[in-house]
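Trainee: work.cif is reproduced in full below (mmCIF, C-alpha atoms).
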data_query
loop_
_atom_site.label_atom_id
_atom_site.label_comp_id
_atom_site.auth_asym_id
_atom_site.auth_seq_id
_atom_site.Cartn_x
_atom_site.Cartn_y
_atom_site.Cartn_z
CA MET A 1451 -7.10 -0.87 -29.27
CA PHE A 1452 -6.46 0.54 -25.80
CA SER A 1453 -9.20 -0.05 -23.24
CA LEU A 1454 -9.60 0.04 -19.48
CA THR A 1455 -11.20 -2.65 -17.38
CA THR A 1456 -14.12 -1.72 -15.16
CA ALA A 1457 -11.90 -2.12 -12.10
CA ALA A 1458 -9.30 0.21 -13.57
CA VAL A 1459 -11.92 2.84 -14.38
CA LEU A 1460 -13.34 2.64 -10.86
CA SER A 1461 -9.88 3.02 -9.40
CA LEU A 1462 -9.49 6.32 -11.25
CA ILE A 1463 -12.74 7.85 -10.00
CA PRO A 1464 -11.35 9.21 -6.69
CA SER A 1465 -8.48 11.04 -8.43
CA ILE A 1466 -10.82 12.34 -11.12
CA LEU A 1467 -13.23 13.65 -8.52
CA GLY A 1468 -10.40 14.92 -6.35
CA GLN A 1469 -11.68 13.27 -3.20
CA THR A 1470 -9.56 13.75 -0.11
CA VAL A 1471 -9.64 12.54 3.48
CA TRP A 1472 -9.14 15.42 5.92
CA LEU A 1473 -8.21 14.98 9.59
CA ALA A 1474 -9.12 17.36 12.43
CA GLY A 1475 -7.82 16.62 15.90
CA ASP A 1476 -5.14 17.17 18.53
CA SER A 1477 -1.55 15.96 19.06
CA THR A 1478 -2.56 12.30 19.17
CA MET A 1479 -3.50 12.68 15.49
CA ALA A 1480 -1.17 15.48 14.40
CA ALA A 1481 2.26 15.37 12.84
CA GLY A 1482 4.97 16.49 15.24
CA GLY A 1483 4.11 17.66 18.74
CA ASP A 1484 5.25 15.54 21.68
CA GLY A 1485 4.97 12.26 19.78
CA ALA A 1486 3.93 10.69 16.52
CA GLY A 1487 0.27 11.27 15.70
CA TRP A 1488 -1.68 8.39 14.17
CA GLY A 1489 -2.89 10.61 11.33
CA GLN A 1490 0.61 10.45 9.85
CA TYR A 1491 0.17 6.73 9.20
CA LEU A 1492 -3.38 6.56 7.86
CA SER A 1493 -2.59 7.18 4.18
CA GLN A 1494 -0.73 3.87 3.81
CA TYR A 1495 -4.07 2.09 4.34
CA LEU A 1496 -6.24 4.13 1.95
CA THR A 1497 -6.41 4.73 -1.80
CA LEU A 1498 -7.44 8.37 -1.21
CA PRO A 1499 -4.99 11.13 -0.29
CA VAL A 1500 -4.99 12.22 3.35
CA THR A 1501 -4.53 15.83 4.49
CA ASN A 1502 -3.75 16.03 8.19
CA LYS A 1503 -5.01 19.32 9.68
CA ALA A 1504 -4.77 18.18 13.31
CA VAL A 1505 -3.02 20.64 15.63
CA ALA A 1506 -1.33 19.73 18.90
CA GLY A 1507 -2.86 21.14 22.06
CA THR A 1508 -6.30 21.83 20.62
CA SER A 1509 -9.77 20.88 21.76
CA ALA A 1510 -13.14 21.08 20.03
CA ARG A 1511 -13.49 24.58 21.47
CA SER A 1512 -10.01 25.95 20.64
CA PHE A 1513 -10.04 24.38 17.16
CA THR A 1514 -13.19 26.44 16.66
CA ALA A 1515 -11.92 29.64 18.32
CA LEU A 1516 -8.63 29.59 16.41
CA GLY A 1517 -10.51 29.46 13.11
CA LEU A 1518 -9.15 26.02 12.28
CA PHE A 1519 -12.58 24.51 11.65
CA ALA A 1520 -13.52 27.54 9.53
CA SER A 1521 -10.36 27.11 7.44
CA LEU A 1522 -11.04 23.40 7.03
CA ILE A 1523 -14.65 24.01 6.05
CA ASN A 1524 -13.45 26.51 3.44
CA ASP A 1525 -10.95 24.04 1.98
CA VAL A 1526 -13.00 20.85 1.71
CA GLY A 1527 -14.85 19.87 -1.41
CA SER A 1528 -18.02 17.95 -2.04
CA GLY A 1529 -17.43 14.24 -1.54
CA ASP A 1530 -14.43 14.72 0.74
CA TYR A 1531 -14.31 12.83 4.04
CA VAL A 1532 -13.45 14.62 7.30
CA VAL A 1533 -12.48 12.64 10.39
CA ILE A 1534 -13.08 14.68 13.56
CA GLU A 1535 -11.49 13.41 16.78
CA PHE A 1536 -11.15 15.44 19.98
CA GLY A 1537 -11.39 14.88 23.74
CA HIS A 1538 -7.90 14.78 25.23
CA ASN A 1539 -7.75 18.54 25.84
CA ASP A 1540 -11.46 19.25 26.37
CA GLY A 1541 -11.72 18.59 30.12
CA SER A 1542 -12.35 21.15 32.82
CA ALA A 1543 -9.37 23.38 33.60
CA GLY A 1544 -10.14 24.50 37.15
CA SER A 1545 -10.56 28.05 38.44
CA VAL A 1546 -8.79 29.71 35.49
CA ASP A 1547 -9.78 28.95 31.92
CA ASN A 1548 -7.10 27.41 29.68
CA GLY A 1549 -8.81 28.16 26.37
CA ASP A 1550 -9.52 24.48 25.71
CA GLU A 1551 -12.11 23.39 28.25
CA ASP A 1552 -15.71 22.88 27.14
CA ALA A 1553 -18.84 23.42 29.19
CA VAL A 1554 -19.67 20.21 31.09
CA GLY A 1555 -22.60 18.24 29.71
CA ASP A 1556 -23.76 16.53 26.55
CA ALA A 1557 -26.53 18.90 25.45
CA TYR A 1558 -26.11 21.27 22.53
CA ASN A 1559 -27.46 24.36 24.31
CA LEU A 1560 -25.65 24.10 27.66
CA THR A 1561 -23.20 26.89 28.44
CA ALA A 1562 -20.82 27.81 31.25
CA THR A 1563 -19.05 31.00 32.26
CA VAL A 1564 -15.29 30.71 32.81
CA THR A 1565 -12.77 33.15 34.26
CA GLU A 1566 -9.75 34.15 32.22
CA SER A 1567 -6.28 34.83 33.63
CA ASP A 1568 -6.91 38.60 33.45
CA GLY A 1569 -10.10 38.29 35.49
CA SER A 1570 -12.49 38.69 32.57
CA THR A 1571 -15.15 36.09 31.86
CA GLU A 1572 -16.24 34.16 28.78
CA VAL A 1573 -19.28 32.07 27.98
CA ILE A 1574 -18.28 28.69 26.57
CA HIS A 1575 -20.26 25.85 25.01
CA THR A 1576 -20.25 22.07 25.14
CA PHE A 1577 -18.25 19.54 23.14
CA ASP A 1578 -21.57 18.68 21.45
CA TYR A 1579 -22.02 22.29 20.35
CA TYR A 1580 -18.58 22.74 18.80
CA ILE A 1581 -18.46 19.37 17.04
CA THR A 1582 -22.06 19.53 15.83
CA ASN A 1583 -21.60 23.01 14.34
CA ALA A 1584 -18.46 21.93 12.51
CA ALA A 1585 -20.04 18.72 11.23
CA LEU A 1586 -23.19 20.44 9.98
CA SER A 1587 -21.13 23.11 8.20
CA LEU A 1588 -19.04 20.41 6.53
CA THR A 1589 -22.18 18.54 5.48
CA ALA A 1590 -23.57 21.74 3.99
CA LYS A 1591 -20.48 21.88 1.74
CA GLY A 1592 -21.14 18.32 0.58
CA ALA A 1593 -18.35 16.83 2.68
CA ILE A 1594 -18.84 13.67 4.74
CA PRO A 1595 -17.93 14.02 8.43
CA ILE A 1596 -16.90 10.96 10.44
CA ILE A 1597 -16.99 11.37 14.22
CA SER A 1598 -14.21 9.42 15.92
CA SER A 1599 -13.81 9.09 19.67
CA GLN A 1600 -10.58 10.07 21.38
CA THR A 1601 -7.88 7.43 21.77
CA PRO A 1602 -6.90 5.91 25.15
CA ASP A 1603 -4.08 7.06 27.37
CA ASN A 1604 -1.65 4.33 28.42
CA ILE A 1605 -3.38 3.82 31.76
CA TRP A 1606 -4.33 0.30 32.75
CA ASP A 1607 -6.75 -1.29 35.20
CA GLY A 1608 -5.39 -4.79 35.61
CA ASP A 1609 -5.14 -6.43 32.21
CA VAL A 1610 -7.40 -3.91 30.47
CA LEU A 1611 -7.17 -0.23 29.73
CA ALA A 1612 -8.85 2.18 32.12
CA ALA A 1613 -12.38 3.37 31.35
CA PRO A 1614 -12.69 6.20 28.83
CA SER A 1615 -13.42 9.83 29.62
CA ARG A 1616 -16.86 11.38 29.17
CA PHE A 1617 -15.85 12.65 25.73
CA VAL A 1618 -16.06 9.16 24.24
CA PRO A 1619 -19.83 8.84 24.80
CA TYR A 1620 -20.19 12.53 23.93
CA ALA A 1621 -18.67 11.85 20.50
CA GLN A 1622 -21.01 8.90 20.00
CA GLU A 1623 -24.01 11.07 20.91
CA VAL A 1624 -22.99 13.80 18.46
CA ALA A 1625 -22.79 11.22 15.68
CA GLY A 1626 -26.10 9.64 16.61
CA ASN A 1627 -27.92 12.95 16.97
CA ASN A 1628 -26.80 14.03 13.51
CA SER A 1629 -26.99 10.71 11.65
CA LEU A 1630 -23.22 10.62 11.13
CA VAL A 1631 -20.85 7.66 11.08
CA TYR A 1632 -19.20 7.02 14.45
CA ILE A 1633 -15.89 5.20 14.94
CA ASP A 1634 -15.24 4.04 18.51
CA HIS A 1635 -11.52 4.62 18.15
CA TYR A 1636 -11.07 4.27 21.91
CA ASP A 1637 -12.41 0.71 22.02
CA TYR A 1638 -10.66 -0.37 18.83
CA VAL A 1639 -7.33 0.85 20.20
CA ALA A 1640 -8.12 -0.83 23.53
CA GLN A 1641 -8.80 -4.09 21.70
CA ALA A 1642 -5.45 -3.84 19.91
CA TYR A 1643 -3.51 -2.88 23.03
CA GLU A 1644 -5.02 -5.59 25.18
CA ALA A 1645 -4.15 -8.18 22.53
CA ILE A 1646 -0.56 -6.91 22.47
CA GLY A 1647 -0.23 -6.65 26.25
CA GLU A 1648 0.75 -3.88 28.66
CA THR A 1649 4.48 -4.64 28.67
CA THR A 1650 4.85 -4.06 24.94
CA VAL A 1651 2.34 -1.20 24.85
CA ASP A 1652 4.41 0.62 27.48
CA THR A 1653 7.21 0.84 24.91
CA PHE A 1654 4.84 2.78 22.63
CA TYR A 1655 4.86 5.68 25.13
CA PRO A 1656 8.46 6.92 25.59
CA VAL A 1657 7.50 10.47 26.65
CA ASP A 1658 4.33 10.20 28.75
CA HIS A 1659 1.07 8.23 28.94
CA LEU A 1660 -0.55 10.14 26.05
CA HIS A 1661 1.87 10.58 23.14
CA THR A 1662 2.86 7.56 21.07
CA SER A 1663 6.05 6.52 19.33
CA PRO A 1664 5.87 5.88 15.56
CA THR A 1665 5.24 2.18 16.26
CA GLY A 1666 2.44 2.99 18.66
CA ALA A 1667 0.93 5.57 16.32
CA ASN A 1668 0.79 2.99 13.55
CA VAL A 1669 -1.08 0.58 15.84
CA VAL A 1670 -3.55 3.38 16.59
CA ALA A 1671 -3.95 4.05 12.86
CA GLU A 1672 -4.58 0.35 12.24
CA ALA A 1673 -7.23 0.38 14.96
CA PHE A 1674 -9.01 3.27 13.24
CA VAL A 1675 -8.97 1.36 9.95
CA ARG A 1676 -10.41 -1.70 11.68
CA GLY A 1677 -13.19 0.45 13.11
CA LEU A 1678 -13.76 1.97 9.68
CA LEU A 1679 -14.04 -1.45 8.04
CA CYS A 1680 -16.62 -2.43 10.67
CA SER A 1681 -18.66 0.75 10.15
CA GLU A 1682 -21.27 1.85 7.63
CA SER A 1683 -18.97 4.55 6.19
CA THR A 1684 -18.47 4.54 2.44
CA LEU A 1685 -14.84 5.48 3.15
CA LYS A 1686 -14.22 1.80 3.77
CA ASN A 1687 -14.58 1.30 0.02
CA PHE A 1688 -11.25 3.12 -0.30
CA VAL A 1689 -9.31 0.91 2.13
CA ASN A 1690 -6.47 -0.80 0.27
CA SER A 1691 -5.10 -4.32 0.70
CA ALA A 1692 -2.80 -3.26 3.53
CA GLY A 1693 -5.80 -1.79 5.32
CA GLU A 1694 -7.87 -4.91 4.75
CA ALA A 1695 -5.12 -6.87 6.51
CA VAL A 1696 -5.00 -4.85 9.75
CA PRO A 1697 -5.38 -7.08 12.82
CA ASN A 1698 -8.35 -7.79 15.10
CA GLY A 1699 -12.05 -7.93 14.35
CA CYS A 1700 -15.29 -6.00 14.72
CA LEU A 1701 -16.47 -5.10 18.19
#
Taking this structure as input, can you express it in the form of C-alpha coordinates?

Mentor:
Amino acid sequence: MFSLTTAAVLSLIPSILGQTVWLAGDSTMAAGGDGAGWGQYLSQYLTLPVTNKAVAGTSARSFTALGLFASLINDVGSGDYVVIEFGHNDGSAGSVDNGDEDAVGDAYNLTATVTESDGSTEVIHTFDYYITNAALSLTAKGAIPIISSQTPDNIWDGDVLAAPSRFVPYAQEVAGNNSLVYIDHYDYVAQAYEAIGETTVDTFYPVDHLHTSPTGANVVAEAFVRGLLCSESTLKNFVNSAGEAVPNGCL
(Lines of atoms letter the chains of each structure in order from A and count residues from 1; the text may use other names and numbers.)
(Lines give C-alpha, C1' and ligand atoms only; values in the text may rest on other atoms or scores of the structure.)
Protein backbone atom coordinates (compact mmCIF):
# COMPACT_ATOMS: atom_id res chain seq x y z
CA MET A 1 0.00 0.00 0.00
CA PHE A 2 1.38 3.39 -0.99
CA SER A 3 2.10 5.79 1.86
CA LEU A 4 4.09 8.95 2.45
CA THR A 5 6.45 9.56 5.32
CA THR A 6 5.86 12.55 7.55
CA ALA A 7 8.92 14.25 6.06
CA ALA A 8 7.62 13.71 2.54
CA VAL A 9 4.21 15.13 3.44
CA LEU A 10 5.81 18.20 5.04
CA SER A 11 7.95 18.72 1.96
CA LEU A 12 4.79 18.95 -0.15
CA ILE A 13 3.08 21.58 1.99
CA PRO A 14 4.73 24.63 0.36
CA SER A 15 3.72 23.54 -3.15
CA ILE A 16 0.22 22.66 -1.98
CA LEU A 17 -0.18 26.05 -0.35
CA GLY A 18 1.49 27.79 -3.27
CA GLN A 19 3.91 29.73 -1.10
CA THR A 20 6.35 31.95 -2.94
CA VAL A 21 9.26 34.19 -2.00
CA TRP A 22 8.98 37.60 -3.69
CA LEU A 23 11.87 40.07 -4.00
CA ALA A 24 11.55 43.87 -4.17
CA GLY A 25 14.68 45.93 -4.67
CA ASP A 26 17.04 47.68 -7.06
CA SER A 27 19.74 46.57 -9.53
CA THR A 28 21.84 44.91 -6.83
CA MET A 29 18.99 42.40 -6.48
CA ALA A 30 17.48 42.48 -9.97
CA ALA A 31 18.13 40.33 -13.00
CA GLY A 32 19.99 42.21 -15.72
CA GLY A 33 20.90 45.87 -15.30
CA ASP A 34 24.57 46.78 -15.00
CA GLY A 35 25.53 43.54 -13.28
CA ALA A 36 24.20 40.32 -11.84
CA GLY A 37 21.72 40.87 -9.03
CA TRP A 38 21.90 38.55 -6.02
CA GLY A 39 18.19 37.78 -6.29
CA GLN A 40 18.95 35.65 -9.35
CA TYR A 41 20.89 33.21 -7.17
CA LEU A 42 18.64 32.91 -4.12
CA SER A 43 16.39 30.11 -5.39
CA GLN A 44 19.22 27.55 -5.38
CA TYR A 45 19.28 27.82 -1.57
CA LEU A 46 15.52 27.54 -0.88
CA THR A 47 12.82 24.91 -1.31
CA LEU A 48 10.26 27.61 -2.19
CA PRO A 49 10.02 29.26 -5.61
CA VAL A 50 11.44 32.78 -5.88
CA THR A 51 9.88 35.55 -7.98
CA ASN A 52 12.29 38.44 -8.48
CA LYS A 53 10.40 41.73 -8.90
CA ALA A 54 13.42 43.96 -8.28
CA VAL A 55 13.91 46.74 -10.84
CA ALA A 56 17.21 48.45 -11.60
CA GLY A 57 17.45 52.12 -10.74
CA THR A 58 14.63 52.18 -8.22
CA SER A 59 14.42 53.42 -4.66
CA ALA A 60 11.78 52.97 -1.98
CA ARG A 61 10.12 56.12 -3.31
CA SER A 62 10.23 55.35 -7.05
CA PHE A 63 9.22 51.71 -6.51
CA THR A 64 6.15 53.20 -4.85
CA ALA A 65 5.53 55.98 -7.41
CA LEU A 66 5.87 53.61 -10.37
CA GLY A 67 3.17 51.35 -8.93
CA LEU A 68 5.60 48.48 -8.46
CA PHE A 69 4.74 47.99 -4.79
CA ALA A 70 1.03 48.18 -5.65
CA SER A 71 1.46 45.49 -8.32
CA LEU A 72 3.42 43.30 -5.92
CA ILE A 73 0.85 43.73 -3.17
CA ASN A 74 -1.86 42.72 -5.65
CA ASP A 75 0.04 39.58 -6.70
CA VAL A 76 1.13 38.12 -3.36
CA GLY A 77 -0.88 35.54 -1.51
CA SER A 78 -1.34 34.76 2.15
CA GLY A 79 1.72 32.99 3.51
CA ASP A 80 4.07 34.35 0.85
CA TYR A 81 7.35 35.93 1.93
CA VAL A 82 8.45 39.32 0.55
CA VAL A 83 12.05 40.48 0.92
CA ILE A 84 12.29 44.28 0.67
CA GLU A 85 15.75 45.77 0.16
CA PHE A 86 16.43 49.37 -0.90
CA GLY A 87 18.93 52.13 -0.13
CA HIS A 88 21.42 52.42 -2.98
CA ASN A 89 19.31 54.93 -4.94
CA ASP A 90 17.52 56.64 -2.04
CA GLY A 91 20.07 59.35 -1.21
CA SER A 92 19.66 63.07 -1.73
CA ALA A 93 19.93 64.18 -5.36
CA GLY A 94 20.94 67.83 -4.98
CA SER A 95 19.13 70.90 -6.29
CA VAL A 96 17.04 69.01 -8.86
CA ASP A 97 14.99 65.98 -7.90
CA ASN A 98 15.88 62.69 -9.62
CA GLY A 99 12.67 60.86 -8.76
CA ASP A 100 14.44 58.50 -6.37
CA GLU A 101 15.55 60.56 -3.39
CA ASP A 102 13.66 60.28 -0.12
CA ALA A 103 13.14 62.98 2.48
CA VAL A 104 16.06 62.96 4.93
CA GLY A 105 15.29 61.49 8.34
CA ASP A 106 14.05 58.31 9.95
CA ALA A 107 10.59 59.39 11.10
CA TYR A 108 7.44 58.24 9.33
CA ASN A 109 5.81 61.69 9.10
CA LEU A 110 8.77 63.78 7.91
CA THR A 111 8.43 65.34 4.46
CA ALA A 112 10.52 67.51 2.17
CA THR A 113 9.75 69.63 -0.87
CA VAL A 114 11.92 69.00 -3.94
CA THR A 115 12.24 70.87 -7.22
CA GLU A 116 11.68 69.05 -10.49
CA SER A 117 13.58 69.70 -13.72
CA ASP A 118 10.66 71.77 -15.05
CA GLY A 119 10.67 74.01 -11.99
CA SER A 120 7.62 72.48 -10.34
CA THR A 121 7.79 71.14 -6.80
CA GLU A 122 6.78 67.88 -5.14
CA VAL A 123 6.39 66.84 -1.52
CA ILE A 124 8.27 63.62 -0.82
CA HIS A 125 8.38 61.30 2.18
CA THR A 126 11.02 59.34 4.06
CA PHE A 127 12.42 55.87 3.44
CA ASP A 128 10.55 54.85 6.61
CA TYR A 129 7.25 56.05 5.13
CA TYR A 130 7.54 54.22 1.81
CA ILE A 131 8.82 50.93 3.25
CA THR A 132 6.42 50.94 6.19
CA ASN A 133 3.39 51.53 3.96
CA ALA A 134 4.41 48.71 1.63
CA ALA A 135 5.12 46.31 4.50
CA LEU A 136 1.84 47.02 6.27
CA SER A 137 -0.12 46.55 3.04
CA LEU A 138 1.63 43.22 2.44
CA THR A 139 0.89 42.13 6.01
CA ALA A 140 -2.76 43.02 5.51
CA LYS A 141 -2.83 40.53 2.60
CA GLY A 142 -1.41 37.83 4.85
CA ALA A 143 2.07 38.02 3.33
CA ILE A 144 5.21 38.06 5.49
CA PRO A 145 7.56 40.99 4.80
CA ILE A 146 11.27 40.68 5.59
CA ILE A 147 13.19 43.95 5.74
CA SER A 148 16.74 43.57 4.43
CA SER A 149 19.36 46.30 4.53
CA GLN A 150 21.14 47.42 1.38
CA THR A 151 24.33 45.63 0.38
CA PRO A 152 27.80 47.27 0.55
CA ASP A 153 29.57 48.99 -2.29
CA ASN A 154 33.11 47.74 -2.97
CA ILE A 155 34.67 50.57 -0.97
CA TRP A 156 37.22 49.67 1.68
CA ASP A 157 38.68 51.36 4.75
CA GLY A 158 41.88 49.45 5.34
CA ASP A 159 41.08 45.77 5.69
CA VAL A 160 37.36 46.30 6.26
CA LEU A 161 34.53 47.66 4.17
CA ALA A 162 33.59 51.30 4.61
CA ALA A 163 30.78 52.18 7.01
CA PRO A 164 27.24 51.79 5.68
CA SER A 165 24.93 54.59 4.58
CA ARG A 166 22.11 55.91 6.75
CA PHE A 167 19.66 53.60 4.98
CA VAL A 168 21.04 50.55 6.79
CA PRO A 169 19.93 51.75 10.25
CA TYR A 170 16.77 53.15 8.66
CA ALA A 171 15.86 49.65 7.43
CA GLN A 172 16.52 48.22 10.88
CA GLU A 173 14.28 50.86 12.46
CA VAL A 174 11.44 50.14 10.04
CA ALA A 175 11.61 46.45 10.93
CA GLY A 176 11.78 47.15 14.65
CA ASN A 177 8.96 49.68 14.61
CA ASN A 178 6.67 47.23 12.85
CA SER A 179 7.73 43.97 14.52
CA LEU A 180 9.14 42.59 11.26
CA VAL A 181 12.14 40.35 10.68
CA TYR A 182 15.30 42.30 9.83
CA ILE A 183 18.27 40.89 7.91
CA ASP A 184 21.46 42.96 8.19
CA HIS A 185 22.48 42.09 4.66
CA TYR A 186 25.15 44.80 4.72
CA ASP A 187 27.02 43.27 7.66
CA TYR A 188 26.63 39.69 6.44
CA VAL A 189 28.08 40.65 3.05
CA ALA A 190 30.84 42.59 4.83
CA GLN A 191 31.66 39.51 6.90
CA ALA A 192 31.90 37.39 3.74
CA TYR A 193 33.96 39.95 1.82
CA GLU A 194 36.39 40.56 4.64
CA ALA A 195 36.95 36.81 4.97
CA ILE A 196 37.64 36.58 1.23
CA GLY A 197 39.85 39.68 1.10
CA GLU A 198 39.84 42.87 -0.94
CA THR A 199 41.99 41.55 -3.79
CA THR A 200 39.55 38.79 -4.68
CA VAL A 201 36.47 40.89 -3.94
CA ASP A 202 37.72 43.49 -6.43
CA THR A 203 37.27 40.87 -9.15
CA PHE A 204 33.56 40.68 -8.24
CA TYR A 205 33.10 44.26 -9.51
CA PRO A 206 34.12 44.43 -13.21
CA VAL A 207 31.93 47.45 -14.05
CA ASP A 208 31.97 49.76 -11.02
CA HIS A 209 31.98 49.63 -7.21
CA LEU A 210 28.26 48.75 -6.98
CA HIS A 211 27.30 46.07 -9.50
CA THR A 212 28.54 42.52 -9.03
CA SER A 213 29.62 39.78 -11.39
CA PRO A 214 27.73 36.45 -11.20
CA THR A 215 30.36 35.15 -8.77
CA GLY A 216 30.01 38.20 -6.57
CA ALA A 217 26.22 38.10 -6.72
CA ASN A 218 26.26 34.50 -5.52
CA VAL A 219 28.42 35.48 -2.54
CA VAL A 220 25.90 38.21 -1.74
CA ALA A 221 23.05 35.68 -2.00
CA GLU A 222 24.91 33.32 0.33
CA ALA A 223 25.34 36.17 2.81
CA PHE A 224 21.58 36.80 2.78
CA VAL A 225 20.94 33.11 3.45
CA ARG A 226 23.39 33.18 6.35
CA GLY A 227 21.57 36.18 7.79
CA LEU A 228 18.26 34.40 7.27
CA LEU A 229 19.48 31.28 9.09
CA CYS A 230 20.56 33.48 12.01
CA SER A 231 17.21 35.30 12.15
CA GLU A 232 13.83 34.51 13.67
CA SER A 233 12.17 34.28 10.24
CA THR A 234 10.17 31.14 9.52
CA LEU A 235 11.54 31.34 5.97
CA LYS A 236 14.67 29.67 7.31
CA ASN A 237 12.63 26.48 7.59
CA PHE A 238 12.67 26.41 3.78
CA VAL A 239 16.45 26.68 3.39
CA ASN A 240 17.76 23.56 1.64
CA SER A 241 20.98 21.65 2.23
CA ALA A 242 22.96 23.94 -0.07
CA GLY A 243 21.71 26.91 1.93
CA GLU A 244 22.56 25.25 5.23
CA ALA A 245 26.14 24.91 3.95
CA VAL A 246 26.75 28.59 3.09
CA PRO A 247 29.91 29.93 4.75
CA ASN A 248 30.44 32.09 7.85
CA GLY A 249 28.46 32.32 11.06
CA CYS A 250 25.96 34.46 12.93
CA LEU A 251 26.89 38.02 13.77

Trainee: Between A:Ala1480, A:Ala1562, A:Leu1588, A:Ala1486, which is the closest to Ser1528 (chain A) once you count only C-alpha atoms?

Mentor: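 When distances to Ser1528 (chain A) are compared using only C-alpha atoms, the smallest one comes from A:Leu1588.
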
Trainee: Mind dumping a table of every region 1548-1615 of chain A residue within 9 Å of region 1498-1517 of chain A, with the nearest atom pair and its distance in Å to one decimal, using all atoms listed in the file, sorted by chain and rising number, as a tab-separated table?

Mentor:
residue	atom	partner	partner_atom	distance
A:Gly1549	CA	A:Ser1512	CA	6.3
A:Asp1550	CA	A:Ser1512	CA	5.3
A:Glu1551	CA	A:Arg1511	CA	7.0
A:Asp1552	CA	A:Arg1511	CA	6.3
A:Ile1574	CA	A:Arg1511	CA	8.1
A:His1575	CA	A:Arg1511	CA	7.7
A:Thr1576	CA	A:Arg1511	CA	8.1
A:Phe1577	CA	A:Ala1510	CA	6.2
A:Asp1578	CA	A:Ala1510	CA	8.9
A:Tyr1579	CA	A:Arg1511	CA	8.9
A:Tyr1580	CA	A:Ala1510	CA	5.8
A:Ile1581	CA	A:Ala1510	CA	6.3
A:Ala1584	CA	A:Thr1514	CA	8.1

Trainee: List the spatial neighbours of region 1532-1543 of chain A as a PyMOL selection string - criterion: any atom at most 9 Å away, only C-alpha atoms, same-chain residues fewer than 5 positions off excluded.

Mentor: chain A and resi 1470-1479+1504+1507-1512+1526+1548-1554+1577+1581+1585+1588+1593-1603+1615-1618+1621+1635+1660

Trainee: For Glu1648 (chain A), find every residue with an atom within 12 Å (counting all atoms listed in the file), except residues of its own chain fewer than 2 positions away, and show them as a list in words.

Mentor: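 Returned residues: Asn1604, Ile1605, Trp1606, Asp1607, Gly1608, Asp1609, Val1610, Leu1611, Ala1612, Ala1640, Gln1641, Ala1642, Tyr1643, Glu1644, Ala1645, Ile1646, Thr1650, Val1651, Asp1652, Thr1653, Phe1654 and Tyr1655 of chain A.
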
Trainee: Got a sec to resolve the PyMOL selection byres ((chain A and resi 1496) around 12) on this structure and send the residues as a PDB file with C-alpha atoms, in the coordinates of the input?

Mentor:
ATOM      1  CA  SER A1461      -9.880   3.020  -9.400  1.00  0.00           C
ATOM      2  CA  PRO A1464     -11.350   9.210  -6.690  1.00  0.00           C
ATOM      3  CA  GLN A1469     -11.680  13.270  -3.200  1.00  0.00           C
ATOM      4  CA  THR A1470      -9.560  13.750  -0.110  1.00  0.00           C
ATOM      5  CA  VAL A1471      -9.640  12.540   3.480  1.00  0.00           C
ATOM      6  CA  GLY A1489      -2.890  10.610  11.330  1.00  0.00           C
ATOM      7  CA  TYR A1491       0.170   6.730   9.200  1.00  0.00           C
ATOM      8  CA  LEU A1492      -3.380   6.560   7.860  1.00  0.00           C
ATOM      9  CA  SER A1493      -2.590   7.180   4.180  1.00  0.00           C
ATOM     10  CA  GLN A1494      -0.730   3.870   3.810  1.00  0.00           C
ATOM     11  CA  TYR A1495      -4.070   2.090   4.340  1.00  0.00           C
ATOM     12  CA  THR A1497      -6.410   4.730  -1.800  1.00  0.00           C
ATOM     13  CA  LEU A1498      -7.440   8.370  -1.210  1.00  0.00           C
ATOM     14  CA  PRO A1499      -4.990  11.130  -0.290  1.00  0.00           C
ATOM     15  CA  VAL A1500      -4.990  12.220   3.350  1.00  0.00           C
ATOM     16  CA  ALA A1671      -3.950   4.050  12.860  1.00  0.00           C
ATOM     17  CA  GLU A1672      -4.580   0.350  12.240  1.00  0.00           C
ATOM     18  CA  PHE A1674      -9.010   3.270  13.240  1.00  0.00           C
ATOM     19  CA  VAL A1675      -8.970   1.360   9.950  1.00  0.00           C
ATOM     20  CA  LEU A1678     -13.760   1.970   9.680  1.00  0.00           C
ATOM     21  CA  LEU A1679     -14.040  -1.450   8.040  1.00  0.00           C
ATOM     22  CA  LEU A1685     -14.840   5.480   3.150  1.00  0.00           C
ATOM     23  CA  LYS A1686     -14.220   1.800   3.770  1.00  0.00           C
ATOM     24  CA  ASN A1687     -14.580   1.300   0.020  1.00  0.00           C
ATOM     25  CA  PHE A1688     -11.250   3.120  -0.300  1.00  0.00           C
ATOM     26  CA  VAL A1689      -9.310   0.910   2.130  1.00  0.00           C
ATOM     27  CA  ASN A1690      -6.470  -0.800   0.270  1.00  0.00           C
ATOM     28  CA  SER A1691      -5.100  -4.320   0.700  1.00  0.00           C
ATOM     29  CA  ALA A1692      -2.800  -3.260   3.530  1.00  0.00           C
ATOM     30  CA  GLY A1693      -5.800  -1.790   5.320  1.00  0.00           C
ATOM     31  CA  GLU A1694      -7.870  -4.910   4.750  1.00  0.00           C
ATOM     32  CA  ALA A1695      -5.120  -6.870   6.510  1.00  0.00           C
ATOM     33  CA  VAL A1696      -5.000  -4.850   9.750  1.00  0.00           C
TER      34      VAL A1696
END

Trainee: Around all of region 1506-1510 of chain A's listed atoms, make the axis-aligned box with 6 Å on each side and tell me centre and edge lengths in Å to one decimal, as AutoDock Vina command-line options.

Mentor:
--center_x -7.2 --center_y 20.8 --center_z 20.5 --size_x 23.8 --size_y 14.1 --size_z 15.2

Trainee: Counting only C-alpha atoms, which of A:Asn1628, A:Thr1571, A:Thr1561, A:Thr1665 gets nearest to Trp1488 (chain A)?

Mentor: A:Thr1665

Trainee: Quick one, how far is CA of Ser1683 (chain A) from CA of Ser1629 (chain A)?

Mentor: 11.5 Å

Trainee: For CA of Asn1698 (chain A) and CA of Gly1666 (chain A), determine how far apart the two atoms are, in Å to one decimal place.

Mentor: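 These atoms are spaced 15.7 Å apart.
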
Trainee: Find the spatial neighbours of Asp1568 (chain A), counting all atoms listed in the file, within a cut-off of 12 Å - ignore same-chain residues fewer than 2 positions away - and output them as a list in words.

Mentor: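 So the residues in contact are Val1546, Asp1547, Asn1548, Val1564, Thr1565, Glu1566, Ser1570, Thr1571 and Glu1572 of chain A.
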
Trainee: I'd like the contact shell of Asp1525 (chain A) - 10 Å cut-off, all atoms listed in the file, skipping same-chain residues fewer than 2 positions apart - returned as a PyMOL selection string.

Mentor: chain A and resi 1472+1519-1523+1527+1588+1591

Trainee: Let me make sure I understand: among A:Gly1677, A:Gly1555, A:Pro1664, A:Gly1544, which one has the smallest atom-to-atom distance to Ser1567 (chain A) if we use all atoms listed in the file?

Mentor: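 The answer is A:Gly1544, which sits nearest to Ser1567 (chain A).
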
Trainee: Could you check how far CA of Tyr1531 (chain A) sits from CA of Gly1468 (chain A), in Å to one decimal?

Mentor: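 Interatomic distance, CA of Tyr1531 (chain A) to CA of Gly1468 (chain A): 11.3 Å.
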
Trainee: My list of candidates is A:Val1624, A:Val1639, A:Cys1700, A:Ala1613. Which is closest to Val1670 (chain A) when distances are computed with only C-alpha atoms?

Mentor: A:Val1639
